[in-house]
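Trainee: Contents of structure-v6.cif (mmCIF, C-alpha atoms):
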```cif
data_final
#
loop_
_atom_site.label_atom_id
_atom_site.label_comp_id
_atom_site.auth_asym_id
_atom_site.auth_seq_id
_atom_site.Cartn_x
_atom_site.Cartn_y
_atom_site.Cartn_z
CA MET A 226 81.88 45.31 84.71
CA THR A 227 78.24 46.43 84.89
CA VAL A 228 77.71 49.56 86.92
CA GLN A 229 74.69 49.24 89.17
CA THR A 230 72.25 52.08 89.68
CA GLN A 231 71.57 51.31 93.35
CA HIS A 232 74.39 50.79 95.81
CA SER A 233 75.06 50.46 99.50
CA ASN A 234 77.99 52.02 101.30
CA LYS A 235 79.73 48.67 101.37
CA GLU A 236 79.33 48.08 97.63
CA LEU A 237 80.71 51.47 96.62
CA LEU A 238 83.55 51.36 99.13
CA ASN A 239 84.55 47.92 97.86
CA GLN A 240 84.54 49.19 94.28
CA GLN A 241 86.61 52.19 95.28
CA GLU A 242 89.16 50.02 97.04
CA GLN A 243 89.48 47.75 94.01
CA ARG A 244 89.82 50.49 91.41
CA GLU A 245 91.35 53.58 93.01
CA SER A 246 95.02 54.02 93.73
CA ASN A 247 96.69 53.24 97.01
CA ALA A 248 97.17 57.00 97.47
CA ARG A 249 93.52 57.53 98.41
CA SER A 250 93.34 58.99 101.90
CA TYR A 251 90.02 60.21 103.33
CA PRO A 252 88.06 56.98 102.69
CA ARG A 253 90.45 55.13 104.98
CA ARG A 254 89.38 57.29 107.92
CA ILE A 255 85.89 58.30 106.81
CA PRO A 256 84.44 55.13 105.27
CA LEU A 257 81.20 56.24 103.63
CA ALA A 258 79.74 56.83 100.19
CA ILE A 259 77.78 60.07 100.04
CA GLY A 260 74.36 59.91 98.45
CA GLU A 261 72.96 63.36 99.26
CA ALA A 262 74.25 66.55 100.83
CA GLU A 263 72.67 69.80 101.98
CA GLY A 264 73.99 72.53 104.23
CA ILE A 265 76.16 71.07 106.98
CA TYR A 266 74.71 67.58 106.51
CA VAL A 267 75.60 64.63 104.27
CA THR A 268 73.62 61.41 103.97
CA ASP A 269 75.32 58.15 103.05
CA MET A 270 74.05 55.42 100.73
CA ASP A 271 72.55 53.56 103.67
CA GLY A 272 70.52 56.59 104.74
CA LYS A 273 72.62 57.64 107.73
CA LYS A 274 72.99 61.41 108.25
CA TYR A 275 76.20 63.12 109.37
CA LEU A 276 77.26 66.57 110.51
CA ASP A 277 80.07 67.46 108.12
CA CYS A 278 82.83 69.34 109.95
CA LEU A 279 85.35 68.61 107.23
CA ALA A 280 83.45 70.49 104.50
CA GLY A 281 85.74 69.57 101.63
CA ALA A 282 88.79 70.52 103.72
CA GLY A 283 87.34 74.04 103.94
CA THR A 284 86.10 74.28 100.36
CA LEU A 285 82.41 74.39 101.25
CA ALA A 286 82.15 77.79 102.91
CA LEU A 287 78.36 77.80 102.45
CA GLY A 288 77.99 74.10 103.03
CA HIS A 289 76.63 71.63 100.51
CA ASN A 290 74.35 72.77 97.67
CA HIS A 291 73.59 76.27 98.93
CA SER A 292 70.77 77.87 96.98
CA VAL A 293 72.78 80.90 95.83
CA VAL A 294 75.50 78.62 94.44
CA ILE A 295 73.02 76.32 92.67
CA GLU A 296 71.19 79.31 91.18
CA ALA A 297 74.43 80.82 89.87
CA MET A 298 75.45 77.53 88.26
CA GLU A 299 72.03 76.98 86.70
CA LYS A 300 72.04 80.50 85.26
CA VAL A 301 75.32 79.84 83.46
CA ILE A 302 73.71 76.85 81.76
CA ARG A 303 70.37 78.54 81.04
CA ASP A 304 72.10 81.54 79.45
CA LYS A 305 74.29 79.28 77.30
CA ARG A 306 77.45 80.80 78.71
CA PRO A 307 80.76 79.15 77.84
CA LEU A 308 81.98 76.67 80.43
CA HIS A 309 85.64 76.63 79.41
CA THR A 310 87.57 79.63 78.10
CA LEU A 311 91.29 79.15 78.96
CA ASP A 312 92.25 82.70 79.98
CA ILE A 313 89.98 84.45 77.47
CA THR A 314 87.76 86.84 79.38
CA THR A 315 83.98 86.82 79.69
CA PRO A 316 81.41 88.90 81.59
CA ILE A 317 81.32 86.13 84.20
CA LYS A 318 85.07 86.37 84.69
CA GLU A 319 85.08 90.17 84.99
CA GLU A 320 82.20 90.04 87.49
CA PHE A 321 84.18 87.56 89.56
CA VAL A 322 87.28 89.78 89.58
CA ASN A 323 85.15 92.81 90.49
CA GLU A 324 83.59 90.95 93.40
CA LEU A 325 86.90 89.55 94.63
CA PHE A 326 88.73 92.87 94.37
CA SER A 327 85.91 94.57 96.29
CA CYS A 328 86.79 92.28 99.21
CA LEU A 329 90.46 93.28 99.27
CA PRO A 330 91.90 95.81 101.71
CA GLU A 331 91.86 99.18 99.93
CA GLU A 332 95.62 99.65 99.90
CA PHE A 333 96.07 96.21 98.34
CA CYS A 334 93.27 96.61 95.81
CA GLU A 335 94.84 99.74 94.35
CA ARG A 336 97.95 97.81 93.33
CA ALA A 337 96.53 94.32 92.81
CA LYS A 338 97.03 92.03 89.83
CA ILE A 339 95.47 88.59 89.50
CA GLN A 340 96.64 85.37 87.86
CA PHE A 341 94.16 82.56 87.24
CA CYS A 342 95.75 79.15 87.72
CA GLY A 343 94.88 75.50 87.35
CA PRO A 344 92.04 74.30 89.58
CA THR A 345 94.08 73.45 92.69
CA GLY A 346 95.68 75.52 95.41
CA GLY A 347 98.93 73.67 94.77
CA ASP A 348 99.09 75.02 91.22
CA ALA A 349 98.52 78.55 92.47
CA ILE A 350 101.34 78.15 95.01
CA GLU A 351 103.58 76.96 92.14
CA ALA A 352 102.61 80.08 90.22
CA ALA A 353 103.41 82.30 93.21
CA LEU A 354 106.87 80.74 93.54
CA LYS A 355 107.56 81.29 89.83
CA LEU A 356 106.29 84.86 90.11
CA VAL A 357 108.64 85.89 92.93
CA LYS A 358 111.64 84.10 91.45
CA THR A 359 111.05 85.87 88.14
CA ALA A 360 110.58 89.27 89.77
CA THR A 361 113.57 89.08 92.14
CA GLY A 362 116.00 87.00 90.11
CA ARG A 363 116.66 84.98 93.28
CA GLN A 364 116.13 81.29 93.98
CA SER A 365 115.94 80.61 97.72
CA ILE A 366 112.54 80.22 99.38
CA LEU A 367 111.98 80.60 103.12
CA THR A 368 109.18 78.49 104.52
CA PHE A 369 108.10 77.14 107.92
CA GLN A 370 108.19 73.93 109.87
CA GLY A 371 104.70 72.45 110.04
CA GLY A 372 103.50 74.27 106.95
CA TYR A 373 101.50 72.66 104.17
CA HIS A 374 101.25 74.11 100.65
CA GLY A 375 100.37 71.21 98.37
CA SER A 376 101.57 67.89 96.98
CA THR A 377 103.30 68.81 93.72
CA HIS A 378 107.09 68.62 93.58
CA GLY A 379 107.47 72.33 94.29
CA THR A 380 104.80 72.63 96.96
CA MET A 381 105.88 69.40 98.65
CA SER A 382 109.37 70.86 98.81
CA ILE A 383 108.19 73.83 100.86
CA SER A 384 105.85 71.80 103.12
CA GLY A 385 106.93 70.44 106.48
CA ASN A 386 105.45 66.94 106.36
CA LEU A 387 108.30 64.47 105.86
CA SER A 388 106.33 61.34 105.02
CA PRO A 389 105.36 62.20 101.41
CA LYS A 390 108.95 63.25 100.63
CA LYS A 391 110.71 60.07 101.64
CA LYS A 392 110.33 58.26 98.32
CA VAL A 393 110.30 61.27 96.00
CA GLN A 394 113.62 62.41 94.60
CA GLY A 395 114.60 65.74 93.07
CA LEU A 396 112.52 68.10 95.16
CA MET A 397 112.97 71.85 94.70
CA PRO A 398 116.39 73.01 95.99
CA ASP A 399 117.22 76.11 98.03
CA THR A 400 114.28 75.69 100.38
CA HIS A 401 114.95 76.69 103.99
CA PHE A 402 112.67 75.85 106.91
CA LEU A 403 112.18 78.32 109.76
CA PRO A 404 110.69 77.84 113.25
CA TYR A 405 106.95 78.53 113.42
CA PRO A 406 105.54 79.81 116.73
CA TYR A 407 103.78 76.66 117.93
CA THR A 408 102.98 77.48 121.55
CA TYR A 409 102.23 73.95 122.78
CA ARG A 410 105.32 72.41 121.16
CA CYS A 411 107.54 75.46 120.90
CA PRO A 412 110.70 74.75 118.86
CA PHE A 413 112.62 76.78 121.44
CA GLY A 414 111.00 75.06 124.41
CA LYS A 415 109.49 78.30 125.68
CA GLY A 416 106.05 78.93 124.18
CA GLY A 417 103.89 82.00 124.54
CA GLU A 418 105.21 85.49 123.92
CA GLU A 419 108.81 84.46 124.56
CA GLY A 420 108.55 81.66 122.00
CA HIS A 421 107.26 83.82 119.17
CA ARG A 422 109.79 86.55 119.92
CA LEU A 423 112.60 84.01 119.75
CA SER A 424 111.26 82.89 116.37
CA SER A 425 111.16 86.36 114.84
CA THR A 426 114.54 87.26 116.37
CA TYR A 427 116.09 84.09 114.97
CA ILE A 428 114.68 84.84 111.51
CA GLU A 429 115.88 88.43 111.52
CA ASN A 430 119.36 87.37 112.60
CA LEU A 431 119.50 84.68 109.94
CA LEU A 432 118.64 87.17 107.21
CA ASP A 433 121.28 89.64 108.39
CA ASP A 434 124.05 87.11 109.05
CA PRO A 435 126.60 87.03 106.18
CA GLU A 436 127.58 83.52 107.33
CA SER A 437 124.04 82.11 107.61
CA GLY A 438 124.48 79.94 104.54
CA VAL A 439 121.17 81.17 103.14
CA LEU A 440 121.26 83.34 100.03
CA PRO A 441 118.97 86.38 99.88
CA PRO A 442 115.56 84.76 99.30
CA ALA A 443 113.10 85.22 96.48
CA ALA A 444 110.30 85.12 99.05
CA MET A 445 109.01 83.90 102.36
CA ILE A 446 105.80 81.86 102.39
CA LEU A 447 103.58 81.12 105.39
CA GLU A 448 100.11 80.28 106.65
CA THR A 449 98.69 82.57 109.32
CA VAL A 450 96.98 79.49 110.72
CA GLN A 451 98.70 76.23 109.86
CA GLY A 452 95.85 74.01 108.73
CA GLU A 453 97.14 70.54 107.89
CA GLY A 454 99.92 71.24 110.39
CA GLY A 455 97.38 71.05 113.22
CA SER A 456 95.20 74.22 113.30
CA ILE A 457 98.02 76.32 114.77
CA PRO A 458 97.32 80.07 114.74
CA ALA A 459 100.32 82.36 114.49
CA PRO A 460 100.37 85.12 117.13
CA ILE A 461 99.29 88.48 115.74
CA GLU A 462 102.44 90.19 117.03
CA TRP A 463 104.61 87.60 115.29
CA LEU A 464 102.86 88.16 111.97
CA GLN A 465 103.41 91.89 112.31
CA GLU A 466 107.09 91.34 113.06
CA ILE A 467 107.49 89.01 110.08
CA ARG A 468 105.92 91.61 107.80
CA ARG A 469 108.28 94.27 109.16
CA ILE A 470 111.32 92.03 108.75
CA THR A 471 110.50 91.03 105.17
CA LYS A 472 109.47 94.51 104.09
CA GLU A 473 112.59 96.19 105.42
CA ARG A 474 114.75 93.70 103.47
CA GLY A 475 112.78 93.74 100.24
CA ILE A 476 111.69 90.10 100.58
CA PRO A 477 108.28 89.38 99.02
CA LEU A 478 105.91 87.86 101.57
CA ILE A 479 103.54 85.18 100.23
CA ILE A 480 100.60 84.27 102.43
CA ASP A 481 98.90 80.97 101.67
CA GLU A 482 95.17 81.67 102.13
CA VAL A 483 94.03 78.47 100.43
CA GLN A 484 92.35 77.17 103.58
CA THR A 485 92.21 80.30 105.74
CA GLY A 486 90.72 82.65 103.13
CA ILE A 487 87.15 83.79 102.50
CA GLY A 488 85.90 84.28 106.04
CA ARG A 489 87.21 81.06 107.56
CA THR A 490 89.17 82.68 110.42
CA GLY A 491 86.70 85.48 111.18
CA LYS A 492 88.04 87.92 108.58
CA MET A 493 87.62 87.73 104.83
CA PHE A 494 91.38 87.13 104.61
CA SER A 495 93.31 85.84 107.58
CA PHE A 496 96.17 88.35 107.28
CA GLU A 497 93.67 91.11 108.11
CA HIS A 498 93.72 90.03 111.78
CA ALA A 499 97.27 91.42 111.97
CA GLY A 500 96.54 94.55 109.96
CA ILE A 501 99.26 93.64 107.47
CA VAL A 502 99.35 93.53 103.68
CA PRO A 503 101.36 90.77 101.96
CA ASP A 504 103.03 91.12 98.58
CA VAL A 505 101.35 87.96 97.30
CA PHE A 506 98.55 85.76 98.51
CA VAL A 507 96.99 82.62 97.15
CA LEU A 508 93.33 81.60 97.15
CA SER A 509 91.59 78.35 96.27
CA LYS A 510 89.12 76.01 98.04
CA ALA A 511 86.22 78.33 99.03
CA ILE A 512 86.97 80.88 96.30
CA GLY A 513 85.14 78.80 93.66
CA GLY A 514 81.93 78.45 95.61
CA SER A 515 82.57 74.68 95.98
CA LEU A 516 83.96 74.23 92.43
CA PRO A 517 87.65 73.98 91.40
CA LEU A 518 89.34 77.38 91.07
CA SER A 519 92.56 79.02 92.25
CA VAL A 520 94.13 82.45 91.88
CA VAL A 521 97.23 84.37 92.86
CA ILE A 522 96.78 88.02 93.81
CA TYR A 523 99.90 90.13 94.02
CA ASP A 524 101.40 93.61 93.98
CA GLN A 525 101.76 94.97 90.46
CA GLU A 526 105.46 95.64 91.08
CA LEU A 527 106.04 91.89 90.85
CA ASP A 528 104.29 91.56 87.49
CA CYS A 529 107.50 90.88 85.55
CA TRP A 530 106.81 87.57 83.88
CA GLU A 531 106.33 87.15 80.14
CA HIS A 532 103.10 86.03 78.51
CA GLY A 533 102.52 82.32 78.99
CA ALA A 534 104.87 82.14 81.98
CA HIS A 535 102.17 80.26 83.92
CA ILE A 536 99.33 78.53 82.13
CA GLY A 537 96.77 75.81 82.73
CA THR A 538 93.99 74.42 80.59
CA PHE A 539 91.31 74.73 83.24
CA ARG A 540 92.11 78.24 84.47
CA GLY A 541 88.97 79.43 82.70
CA ASN A 542 86.39 77.52 84.77
CA GLN A 543 83.36 79.78 84.21
CA MET A 544 80.99 77.78 86.40
CA ALA A 545 83.39 78.13 89.34
CA MET A 546 83.73 81.87 88.75
CA ALA A 547 79.95 82.30 88.74
CA ALA A 548 79.59 80.17 91.88
CA GLY A 549 82.49 82.05 93.46
CA THR A 550 80.94 85.44 92.73
CA ALA A 551 77.64 84.33 94.28
CA SER A 552 79.41 82.94 97.36
CA LEU A 553 81.54 86.02 97.91
CA ASN A 554 78.53 88.29 97.59
CA TYR A 555 76.50 86.18 100.01
CA ILE A 556 79.33 86.00 102.56
CA LYS A 557 79.76 89.79 102.47
CA LYS A 558 76.07 90.64 102.63
CA ASN A 559 75.41 88.25 105.49
CA GLU A 560 78.68 89.02 107.32
CA LEU A 561 79.56 85.34 107.51
CA ASP A 562 83.13 86.24 108.41
CA ARG A 563 81.82 87.79 111.62
CA HIS A 564 79.48 84.84 112.11
CA ALA A 565 82.45 82.48 111.71
CA GLU A 566 84.27 84.38 114.43
CA GLU A 567 81.28 84.14 116.78
CA MET A 568 80.61 80.46 116.13
CA GLY A 569 84.34 79.73 116.27
CA ASN A 570 84.62 81.39 119.68
CA LEU A 571 81.63 79.39 120.92
CA LEU A 572 83.12 76.13 119.63
CA LEU A 573 86.59 76.92 120.96
CA GLN A 574 85.37 77.91 124.42
CA SER A 575 83.11 74.85 124.65
CA LEU A 576 85.99 72.53 123.76
CA GLN A 577 88.33 74.32 126.17
CA GLN A 578 85.81 73.75 128.95
CA GLN A 579 86.13 70.02 128.32
CA GLN A 580 89.85 70.14 129.07
CA SER A 581 89.13 69.93 132.79
CA ASP A 582 87.32 66.63 132.18
CA PHE A 583 89.85 65.25 129.72
CA PRO A 584 93.57 65.59 130.55
CA GLU A 585 94.07 63.94 127.15
CA PHE A 586 93.38 67.36 125.60
CA GLY A 587 96.90 68.79 125.59
CA ASP A 588 95.89 71.95 123.77
CA VAL A 589 92.71 73.40 122.30
CA ARG A 590 93.36 76.23 119.85
CA GLY A 591 92.26 77.92 116.67
CA ARG A 592 91.03 81.05 114.98
CA GLY A 593 87.48 81.41 113.70
CA LEU A 594 86.11 78.13 112.41
CA MET A 595 89.51 76.51 112.15
CA ILE A 596 90.01 74.68 115.45
CA GLY A 597 92.17 71.81 116.64
CA VAL A 598 92.23 69.64 119.76
CA GLU A 599 95.67 68.12 120.36
CA ILE A 600 95.33 64.64 121.85
CA VAL A 601 98.11 63.59 124.23
CA ASP A 602 99.08 60.84 126.65
CA PRO A 603 98.80 62.21 130.21
CA THR A 604 100.27 59.02 131.70
CA HIS A 605 103.75 59.99 130.52
CA ALA A 606 105.99 62.74 131.81
CA PRO A 607 105.88 66.08 129.98
CA SER A 608 108.81 67.42 127.99
CA SER A 609 111.08 70.12 129.38
CA SER A 610 108.75 72.71 127.87
CA GLY A 611 105.66 71.15 129.49
CA SER A 612 104.06 69.42 126.50
CA LEU A 613 102.86 65.82 126.77
CA PRO A 614 103.60 63.08 124.19
CA ALA A 615 101.28 62.93 121.20
CA ASN A 616 98.66 60.19 121.22
CA PRO A 617 97.73 59.50 117.57
CA GLU A 618 96.06 56.19 118.40
CA LEU A 619 93.57 57.89 120.71
CA ALA A 620 93.01 60.72 118.21
CA SER A 621 92.17 58.17 115.53
CA HIS A 622 89.87 56.33 117.89
CA ILE A 623 88.05 59.55 118.80
CA GLN A 624 87.58 60.33 115.11
CA HIS A 625 86.12 56.85 114.60
CA GLU A 626 83.76 57.19 117.56
CA CYS A 627 82.62 60.59 116.25
CA PHE A 628 81.95 59.02 112.86
CA LYS A 629 79.86 56.25 114.47
CA ARG A 630 77.76 58.98 116.13
CA GLY A 631 77.22 60.97 112.93
CA LEU A 632 80.02 63.55 113.09
CA ILE A 633 82.68 63.84 110.40
CA LEU A 634 85.99 65.25 111.61
CA GLU A 635 89.56 65.01 110.35
CA VAL A 636 92.81 64.34 112.16
CA GLY A 637 96.17 65.87 111.26
CA GLY A 638 99.16 67.75 112.56
CA ARG A 639 102.21 66.25 114.28
CA HIS A 640 101.90 62.46 114.46
CA GLY A 641 98.27 62.71 113.33
CA SER A 642 97.30 63.61 116.89
CA ILE A 643 95.16 66.72 116.32
CA VAL A 644 91.41 66.38 115.85
CA ARG A 645 90.40 69.22 113.50
CA PHE A 646 87.10 71.10 113.24
CA LEU A 647 86.48 72.80 109.88
CA PRO A 648 82.70 73.22 109.52
CA PRO A 649 80.95 75.41 106.94
CA LEU A 650 80.66 79.09 107.81
CA ILE A 651 76.88 78.73 107.97
CA ILE A 652 76.97 76.51 111.07
CA THR A 653 74.41 77.60 113.67
CA GLU A 654 74.72 77.89 117.43
CA GLU A 655 72.46 74.86 117.85
CA GLN A 656 74.66 72.83 115.49
CA VAL A 657 77.82 73.90 117.33
CA LYS A 658 76.30 72.61 120.56
CA GLU A 659 75.39 69.34 118.85
CA VAL A 660 78.94 68.95 117.53
CA VAL A 661 80.39 69.58 121.00
CA SER A 662 78.00 67.10 122.62
CA ILE A 663 78.78 64.34 120.11
CA PHE A 664 82.49 64.98 120.47
CA LYS A 665 82.35 64.74 124.24
CA ASP A 666 80.45 61.43 124.07
CA ALA A 667 82.95 60.09 121.53
CA VAL A 668 85.92 61.00 123.71
CA SER A 669 84.33 59.38 126.75
CA ALA A 670 83.64 56.21 124.78
CA SER A 671 87.18 56.13 123.41
CA LEU A 672 88.66 56.37 126.90
CA LYS A 673 86.53 53.53 128.24
CA GLU A 674 87.89 51.01 125.74
#
```
Could you show the structure in this file as structure tokens?
Mentor:
Amino acid sequence: MTVQTQHSNKELLNQQEQRESNARSYPRRIPLAIGEAEGIYVTDMDGKKYLDCLAGAGTLALGHNHSVVIEAMEKVIRDKRPLHTLDITTPIKEEFVNELFSCLPEEFCERAKIQFCGPTGGDAIEAALKLVKTATGRQSILTFQGGYHGSTHGTMSISGNLSPKKKVQGLMPDTHFLPYPYTYRCPFGKGGEEGHRLSSTYIENLLDDPESGVLPPAAMILETVQGEGGSIPAPIEWLQEIRRITKERGIPLIIDEVQTGIGRTGKMFSFEHAGIVPDVFVLSKAIGGSLPLSVVIYDQELDCWEHGAHIGTFRGNQMAMAAGTASLNYIKKNELDRHAEEMGNLLLQSLQQQQSDFPEFGDVRGRGLMIGVEIVDPTHAPSSSGSLPANPELASHIQHECFKRGLILEVGGRHGSIVRFLPPLIITEEQVKEVVSIFKDAVSASLKE
């Protein structure tokens, strides 16, 4: 087959459909071929421009092709630096670690160790699981309903989504799912403060019950804001209780910061909102400045594994480390974590104001620039806890209408009924208002059909 130099959207999408596996996902909902990208905007092969509020599922903290990232990458090439080093160190690598450690809470930094992993967050989660099992000698892992940690065998085992598991045998054993405080669809049917207190009380009782059926765990893993689960922020008080419960019982707490980390929620790391310090946390996505990179950062007390216990050919991605250093430095200097909080509040409040116009918005929630609108069917009776049935068909239609109007959003969460907003941290107030306006028009159009 001859590869053409000029293509339309249709041509490239047809080629993709013919040659890529049936597992491809985003092109089914966001049918475009990207020709150019800058900042918050992407332009397709037909010349249409879109506001990108998916941003590589949170990878593009500074948006597309930010000048500080491009400059850092070009410098690596100009200076003839190595591009691939396994885990052999370089000045670029040490500069990256220095920059990253300077972002850590002081009490964590003093005891921190770092493990470079393969290029995906899933590999880093695998490493974290191996780390805690090695350090504790235990095998059980506590995780949460609605959580998402990756698509490998191990990470799929500790994720809540049932669909990918149905045809995959031999998932990781001794995984136990706990109730996450999801206010709108509370697993206890209560919601609010009562719901999250029931969750933490249940967990504490389970850990202390000699007949619980759950062996003392190697770790507990959680997201402070469930991303793929539907942009569900955990209450601050609940996070503090979970840290107390795990610390008192000597259970390592792993926080998955793959999507929430590096300013996304309004703090450099999302656990900082609760004033807690985990034993382990995992970073990927934005940490590489838009390039593939993942790391595990953990308390030195857990550093019990032997050399070679976790490896990966591409754990020495020098270009990603240089881009990551430049991104981290820029985010700190320009206080983009604070900017994300401000823009996130503006976006959240604007969307919440639309709830009075659209009873199809069952819940509007989020933290920082990680926001979800749960689409429901108001023509049906609510559940005993007051939540309305999910409406995935309408959510999908809204996404499509947004796309037609030049706005890229993703859907996810329970039943695929949550429209998710995950724009770059550099989004401006004017762009937030444009996003909100397009979204409102798209919802109105979806309801008319």
Trainee: Convert the output of the PyMOL selection byres ((chain A and resi 465) around 10) on the shown file into explicit residues, formatted as an mmCIF file with C-alpha atoms, keeping the file's coordinate frame.
Mentor:
```cif
data_model
loop_
_atom_site.group_PDB
_atom_site.id
_atom_site.type_symbol
_atom_site.label_atom_id
_atom_site.label_comp_id
_atom_site.auth_asym_id
_atom_site.auth_seq_id
_atom_site.Cartn_x
_atom_site.Cartn_y
_atom_site.Cartn_z
ATOM 1 C CA SER A 425 111.160 86.360 114.840
ATOM 2 C CA PRO A 460 100.370 85.120 117.130
ATOM 3 C CA ILE A 461 99.290 88.480 115.740
ATOM 4 C CA GLU A 462 102.440 90.190 117.030
ATOM 5 C CA TRP A 463 104.610 87.600 115.290
ATOM 6 C CA LEU A 464 102.860 88.160 111.970
ATOM 7 C CA GLU A 466 107.090 91.340 113.060
ATOM 8 C CA ILE A 467 107.490 89.010 110.080
ATOM 9 C CA ARG A 468 105.920 91.610 107.800
ATOM 10 C CA ARG A 469 108.280 94.270 109.160
ATOM 11 C CA ILE A 470 111.320 92.030 108.750
ATOM 12 C CA PHE A 496 96.170 88.350 107.280
ATOM 13 C CA HIS A 498 93.720 90.030 111.780
ATOM 14 C CA ALA A 499 97.270 91.420 111.970
ATOM 15 C CA GLY A 500 96.540 94.550 109.960
ATOM 16 C CA ILE A 501 99.260 93.640 107.470
ATOM 17 C CA VAL A 502 99.350 93.530 103.680
#
```
Trainee: Separation of CA of Glu560 in chain A and CA of Lys300 in chain A, in Å?
Mentor: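 These atoms are spaced 24.6 Å apart.
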Trainee: Go through A:Thr345, A:Gln624, A:Gln370, A:Thr471 one by one, measure the shortest atom-to-atom distance of each to Leu508 in chain A using all atoms listed in the file, and give the residue with the smallest value.
Mentor: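 For Leu508 in chain A, the nearest of the given residues is A:Thr345.
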Trainee: On this structure, which residues satisfy the PyMOL selection byres ((chain A and resi 405-421) around 6), written as a CSV table (one decimal) with C-alpha atoms, in the frame of the given file?
Mentor:
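Wrote it out as expr.csv, contents follow:
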```
chain,number,residue,atom,x,y,z
A,369,PHE,CA,108.1,77.1,107.9
A,370,GLN,CA,108.2,73.9,109.9
A,404,PRO,CA,110.7,77.8,113.2
A,422,ARG,CA,109.8,86.6,119.9
A,423,LEU,CA,112.6,84.0,119.8
A,424,SER,CA,111.3,82.9,116.4
A,610,SER,CA,108.8,72.7,127.9
```
Trainee: Considering all atoms listed in the file, can you say which of A:Leu285, A:Leu478, A:Ile596, A:Leu650 comes closest to Leu354 in chain A?
Mentor: A:Leu478
Trainee: Would you compute the distance between CA of Gly541 in chain A and CA of Arg249 in chain A? Give it in Å to one decimal.
Mentor: 27.3 Å
Trainee: In Å, with one decimal, what is the gap from CA of Gln656 in chain A to CA of Leu572 in chain A?
Mentor: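 Pair CA of Gln656 in chain A / CA of Leu572 in chain A returns 10.0 Å.
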Trainee: Using all atoms listed in the file, which of A:Ile255, A:Val357, A:Ala620, A:Leu276 sits nearest Ile663 in chain A?
Mentor: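 With all atoms listed in the file as the atom set, the closest residue is A:Leu276.
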Trainee: Between A:Gly611, A:Gly260, A:Pro648, A:Pro584, which is the closest to Ser669 in chain A once you count all atoms listed in the file?
Mentor: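 That would be A:Pro584, the residue with the smallest distance to Ser669 in chain A.
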Trainee: Rank nothing, just name the residue among A:Glu236, A:Asp666, A:Asp481, A:Glu659 nearest to Gly347 in chain A, using only C-alpha atoms.
Mentor: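 Counting only C-alpha atoms, the residue closest to Gly347 in chain A is A:Asp481.
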Trainee: Counting all atoms listed in the file, what is within 9 Å of Glu618 in chain A, bar same-chain residues fewer than 5 positions away, as an NGL selection string?
Mentor: :A and (623 or 641-642)
Trainee: Restricting the calculation to all atoms listed in the file, which member of A:Met544, A:Ala615, A:Ala565, A:Leu279 is positioned closest to Ile295 in chain A?
Mentor: A:Met544
Trainee: Identify all residues satisfying the PyMOL selection byres ((chain A and resi 654) around 10) in the given file; provide them as a list in words.
Mentor: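 So the PyMOL selection byres ((chain A and resi 654) around 10) ends up selecting His564, Glu567, Met568, Gly569, Leu571, Leu572, Ile651, Ile652, Thr653, Glu655, Gln656, Val657, Lys658, Glu659 and Val660 of chain A.
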Trainee: Show me, as a list in words, the residues that have an atom within 7 Å of Leu632 in chain A when counting all atoms listed in the file, minus same-chain residues fewer than 3 positions from it.
Mentor: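 Contacts, with the query itself left out: Tyr275, Leu276, Asp277, Cys627 and Phe628 of chain A.
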Trainee: May I have the residues within 9 Å of range 237-243 of chain A as JSON, numbers by chain, using all atoms listed in the file and disregarding those fewer than 4 positions away in the same chain?
Mentor: {"A": [232, 233, 247, 249, 252, 256, 257, 258, 270]}
Trainee: Box in all listed atoms of range 337-343 of chain A, axis-aligned, with 6 Å more on each side; write out centre and edge lengths in Å to one decimal as lines of an AutoDock Vina configuration file.
Mentor:
```
center_x = 95.6
center_y = 84.9
center_z = 90.0
size_x = 14.9
size_y = 30.8
size_z = 17.6
```
Trainee: Do a neighbour search on Ala443 in chain A at 9 Å with all atoms listed in the file, toss out local chain neighbours closer than 2 positions, and write the hits as an NGL selection string.
Mentor: :A and (354 or 357-367 or 441 or 445 or 476-477)
